[in-house]
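Only one structure is covered here, and it is reproduced in the block below.
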Amino acid sequence: MRITYRNANNKDYWTKRWSDIPADAPMENSGVYPLKYAQMTVQDKAGKILEAGCGAGRVLRYYHDRGYDIIGIDFIDVAIGKLKNMDPTLQAEVGDITRLRFADQSFKYVLAFGLYHNLEHGLDQAIQETHRVLEKDGLVCASFRADNIQTQLTDWLADRKNRGSANGKKAFHKMNLTRSEYEQLFTRAGFTIDFVGPVENMPILYKFAAFRSSAHKKFDENKARMEGYRLSWFGQRLQNTLMRFLPDQFCNIYVVIARKG
Ligand SMILES: C[S@@+](CC[C@H](N)C(=O)[O-])C[C@H]1O[C@@H](n2cnc3c(N)ncnc32)[C@H](O)[C@@H]1O
């Protein structure tokens with residue numbers, strides 16, 4: 001386990017991030033994270049879905065527009081406000097994954113992409129809450145920041161960029177776990193792991209315009225979130241090679257699909 005510290009604390013980071021961009025359009029590319037993994041999980045259209053940590057709403061809007069019964073929660077009210085303005089028919093509300101208002105066994109699926117690693121305290125409690133609100137045999141699909149070379153490099157680059165600001169004071173930003181630490185988090189709460197794998201959400205190469213696809217040279221966060229973080233031909237070959245030989249070191253997240261037994 002490794003903790004990443006930055007100049008802004010986690011809640012301020014998300015408030016600024018979601019204040020800076022409009023709500024997402026529904027995600028388009030089902031070949032990439034997170035939609036690819038959501039589709040591996042959600043098989044029954046009649047099953048109720050909770051998207052915990054729905055953020056700007058790319059996954060929530062994808063399922064809502066296709067007639068699924070999905071509710072999104074996030075602890076950042078500006079994100080929920082933007083989503084409700086964009087589409088008042090969405091079920092979206094402010095909520096905290098460590099204290100859910102839902103009754104036991106309310107959902108068949110919980111999608112929680114990039115959520116749990118934001119918790120400095122109450123990580124086990126959040127996984128237990130997830131377990132509580134799932135039906136028997138219900139599935140959670142969740143990603144977590146990997147503790148590896150890629151995230152260490154990302155943190156080093158961020159530290160260099162922010163050197164000298166905020167009087168050098170550091171606050172909790174995110175938690176990083178190894179693959180086995182991540183698996184244990186779910187098995188401790190009573191889940192059985194169906195799938196766990198290293199995934200590249202935003203490859204470190206994407207941070208450099210030279211490695212991005214021509215349509216992504218100018219950074220547009222909503223576009224990248226909708227289409228996936230697309231690399232140039234060369235950048236993708238390089239990333240594929242790193243992922244082929246050292247997947248646990250060059251992924252940036254682990255995705256788990258776990259079942260409530
Ligand atoms: C990486 S973003 C993912 C957004 C969305 N799931 C997606 O994949 O596009 C993680 C989200 O978790 C939210 N979050 C962090 N801590 C939370 C908490 N304790 N309860 C609910 N949401 C939280 C953040 O505000 C942020 O929107």
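Naming scheme: A, B, ... for chains in displayed order of the structure tokens; residues 1 onward per chain; ligands 1 onward as shown.
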
request  = Enumerate residues in contact with ligand 1: an atom-to-atom distance of at most 9 Å, counting only C-alpha atoms and all ligand atoms. Format the result as number ranges by chain.
outcome  = A: 10-11, 13-15, 17-18, 24, 27, 33-35, 51-60, 72-77, 79, 94-100, 111-119, 122, 126, 143, 225-226

ask   = Could you write out, as an NGL selection string, all the residues of segment 4-241 of chain A that DSSP marks as strand (DSSP E)?
value = :A and (4-6 or 49-52 or 70-74 or 91-94 or 107-112 or 134-145 or 171-176 or 191-199)

Write the residues of the selection above to a file with C-alpha atoms, as a JSON list (two decimals), in the first residue's frame.
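Contents of again26.json, freshly written:
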```
[["chain", "number", "residue", "atom", "x", "y", "z"],
["A", 4, "THR", "CA", -0.21, 9.67, -2.73],
["A", 5, "TYR", "CA", -0.15, 13.16, -1.26],
["A", 6, "ARG", "CA", -0.78, 16.34, -3.26],
["A", 49, "ILE", "CA", -27.71, -0.67, -10.76],
["A", 50, "LEU", "CA", -25.99, 1.71, -8.35],
["A", 51, "GLU", "CA", -23.17, 3.76, -9.85],
["A", 52, "ALA", "CA", -21.21, 4.87, -6.78],
["A", 70, "ILE", "CA", -29.64, 3.04, -12.63],
["A", 71, "ILE", "CA", -29.06, 5.52, -9.83],
["A", 72, "GLY", "CA", -25.84, 7.52, -9.47],
["A", 73, "ILE", "CA", -24.40, 8.94, -6.27],
["A", 74, "ASP", "CA", -21.38, 11.15, -5.73],
["A", 91, "GLN", "CA", -31.63, 9.43, -10.91],
["A", 92, "ALA", "CA", -28.60, 11.14, -9.38],
["A", 93, "GLU", "CA", -28.01, 12.36, -5.85],
["A", 94, "VAL", "CA", -25.34, 13.43, -3.40],
["A", 107, "PHE", "CA", -29.14, -3.59, -6.08],
["A", 108, "LYS", "CA", -28.08, -6.37, -8.41],
["A", 109, "TYR", "CA", -25.02, -4.41, -9.57],
["A", 110, "VAL", "CA", -22.71, -1.78, -8.08],
["A", 111, "LEU", "CA", -20.36, 0.02, -10.48],
["A", 112, "ALA", "CA", -17.61, 1.90, -8.65],
["A", 134, "LEU", "CA", -26.10, -5.90, -3.05],
["A", 135, "GLU", "CA", -28.52, -8.79, -3.55],
["A", 136, "LYS", "CA", -27.23, -12.33, -3.07],
["A", 137, "ASP", "CA", -25.18, -13.18, -6.17],
["A", 138, "GLY", "CA", -25.04, -9.46, -6.99],
["A", 139, "LEU", "CA", -21.87, -8.12, -8.58],
["A", 140, "VAL", "CA", -19.61, -5.18, -7.90],
["A", 141, "CYS", "CA", -17.28, -3.92, -10.64],
["A", 142, "ALA", "CA", -14.68, -1.51, -9.29],
["A", 143, "SER", "CA", -11.30, -0.05, -10.16],
["A", 144, "PHE", "CA", -8.50, 1.03, -7.83],
["A", 145, "ARG", "CA", -5.22, 2.88, -8.39],
["A", 171, "ALA", "CA", -2.75, 16.42, 1.90],
["A", 172, "PHE", "CA", -4.13, 12.95, 1.21],
["A", 173, "HIS", "CA", -4.86, 12.52, -2.51],
["A", 174, "LYS", "CA", -5.30, 8.80, -3.26],
["A", 175, "MET", "CA", -4.47, 5.32, -2.02],
["A", 176, "ASN", "CA", -2.56, 2.82, -4.18],
["A", 191, "PHE", "CA", -16.99, -11.28, -1.73],
["A", 192, "THR", "CA", -15.75, -13.92, -4.16],
["A", 193, "ILE", "CA", -13.53, -12.56, -6.92],
["A", 194, "ASP", "CA", -14.78, -13.43, -10.44],
["A", 195, "PHE", "CA", -12.19, -11.32, -12.28],
["A", 196, "VAL", "CA", -9.21, -9.12, -11.48],
["A", 197, "GLY", "CA", -6.92, -7.55, -14.03],
["A", 198, "PRO", "CA", -4.46, -4.75, -14.73],
["A", 199, "VAL", "CA", -5.99, -2.02, -16.92]]
```

Residue list (alpha helix (DSSP H), DSSP) for segment 41-167 of chain A, as a ChimeraX atom specification = /A:41,58-65,77-86,123-133,149-162

For C-alpha atoms, I'd like the residues from the last selection saved as an mmCIF file, in the first residue's frame.
```cif
data_model
loop_
_atom_site.group_PDB
_atom_site.id
_atom_site.type_symbol
_atom_site.label_atom_id
_atom_site.label_comp_id
_atom_site.auth_asym_id
_atom_site.auth_seq_id
_atom_site.Cartn_x
_atom_site.Cartn_y
_atom_site.Cartn_z
ATOM 1 C CA THR A 41 -20.716 -7.081 -15.274
ATOM 2 C CA ARG A 58 -20.474 9.093 -18.641
ATOM 3 C CA VAL A 59 -21.445 5.607 -17.361
ATOM 4 C CA LEU A 60 -24.659 6.685 -15.620
ATOM 5 C CA ARG A 61 -25.908 8.410 -18.769
ATOM 6 C CA TYR A 62 -24.964 5.456 -20.995
ATOM 7 C CA TYR A 63 -27.158 3.039 -19.009
ATOM 8 C CA HIS A 64 -29.937 5.537 -18.294
ATOM 9 C CA ASP A 65 -30.341 6.350 -22.005
ATOM 10 C CA ASP A 77 -22.669 18.283 -5.209
ATOM 11 C CA VAL A 78 -21.486 20.335 -8.187
ATOM 12 C CA ALA A 79 -21.172 17.129 -10.247
ATOM 13 C CA ILE A 80 -24.703 16.000 -9.326
ATOM 14 C CA GLY A 81 -26.090 19.498 -10.016
ATOM 15 C CA LYS A 82 -24.575 19.571 -13.505
ATOM 16 C CA LEU A 83 -25.951 16.109 -14.298
ATOM 17 C CA LYS A 84 -29.483 16.988 -13.152
ATOM 18 C CA ASN A 85 -29.378 20.209 -15.204
ATOM 19 C CA MET A 86 -28.230 18.318 -18.275
ATOM 20 C CA LEU A 123 -12.104 1.850 3.082
ATOM 21 C CA ASP A 124 -13.222 -1.449 4.657
ATOM 22 C CA GLN A 125 -16.477 0.219 5.733
ATOM 23 C CA ALA A 126 -17.135 1.301 2.115
ATOM 24 C CA ILE A 127 -16.644 -2.241 0.813
ATOM 25 C CA GLN A 128 -18.951 -3.547 3.572
ATOM 26 C CA GLU A 129 -21.586 -0.960 2.582
ATOM 27 C CA THR A 130 -21.268 -2.139 -1.025
ATOM 28 C CA HIS A 131 -21.731 -5.736 0.145
ATOM 29 C CA ARG A 132 -24.762 -4.773 2.263
ATOM 30 C CA VAL A 133 -26.695 -3.062 -0.556
ATOM 31 C CA ILE A 149 5.995 2.114 -11.464
ATOM 32 C CA GLN A 150 3.389 3.911 -13.580
ATOM 33 C CA THR A 151 1.604 5.590 -10.638
ATOM 34 C CA GLN A 152 4.944 6.397 -8.974
ATOM 35 C CA LEU A 153 6.034 8.136 -12.181
ATOM 36 C CA THR A 154 2.699 9.961 -12.412
ATOM 37 C CA ASP A 155 3.075 11.151 -8.808
ATOM 38 C CA TRP A 156 6.657 12.237 -9.424
ATOM 39 C CA LEU A 157 5.586 14.285 -12.482
ATOM 40 C CA ALA A 158 2.735 15.876 -10.502
ATOM 41 C CA ASP A 159 5.103 16.725 -7.630
ATOM 42 C CA ARG A 160 7.530 18.396 -10.038
ATOM 43 C CA LYS A 161 4.724 20.423 -11.620
ATOM 44 C CA ASN A 162 3.332 21.575 -8.254
#
```
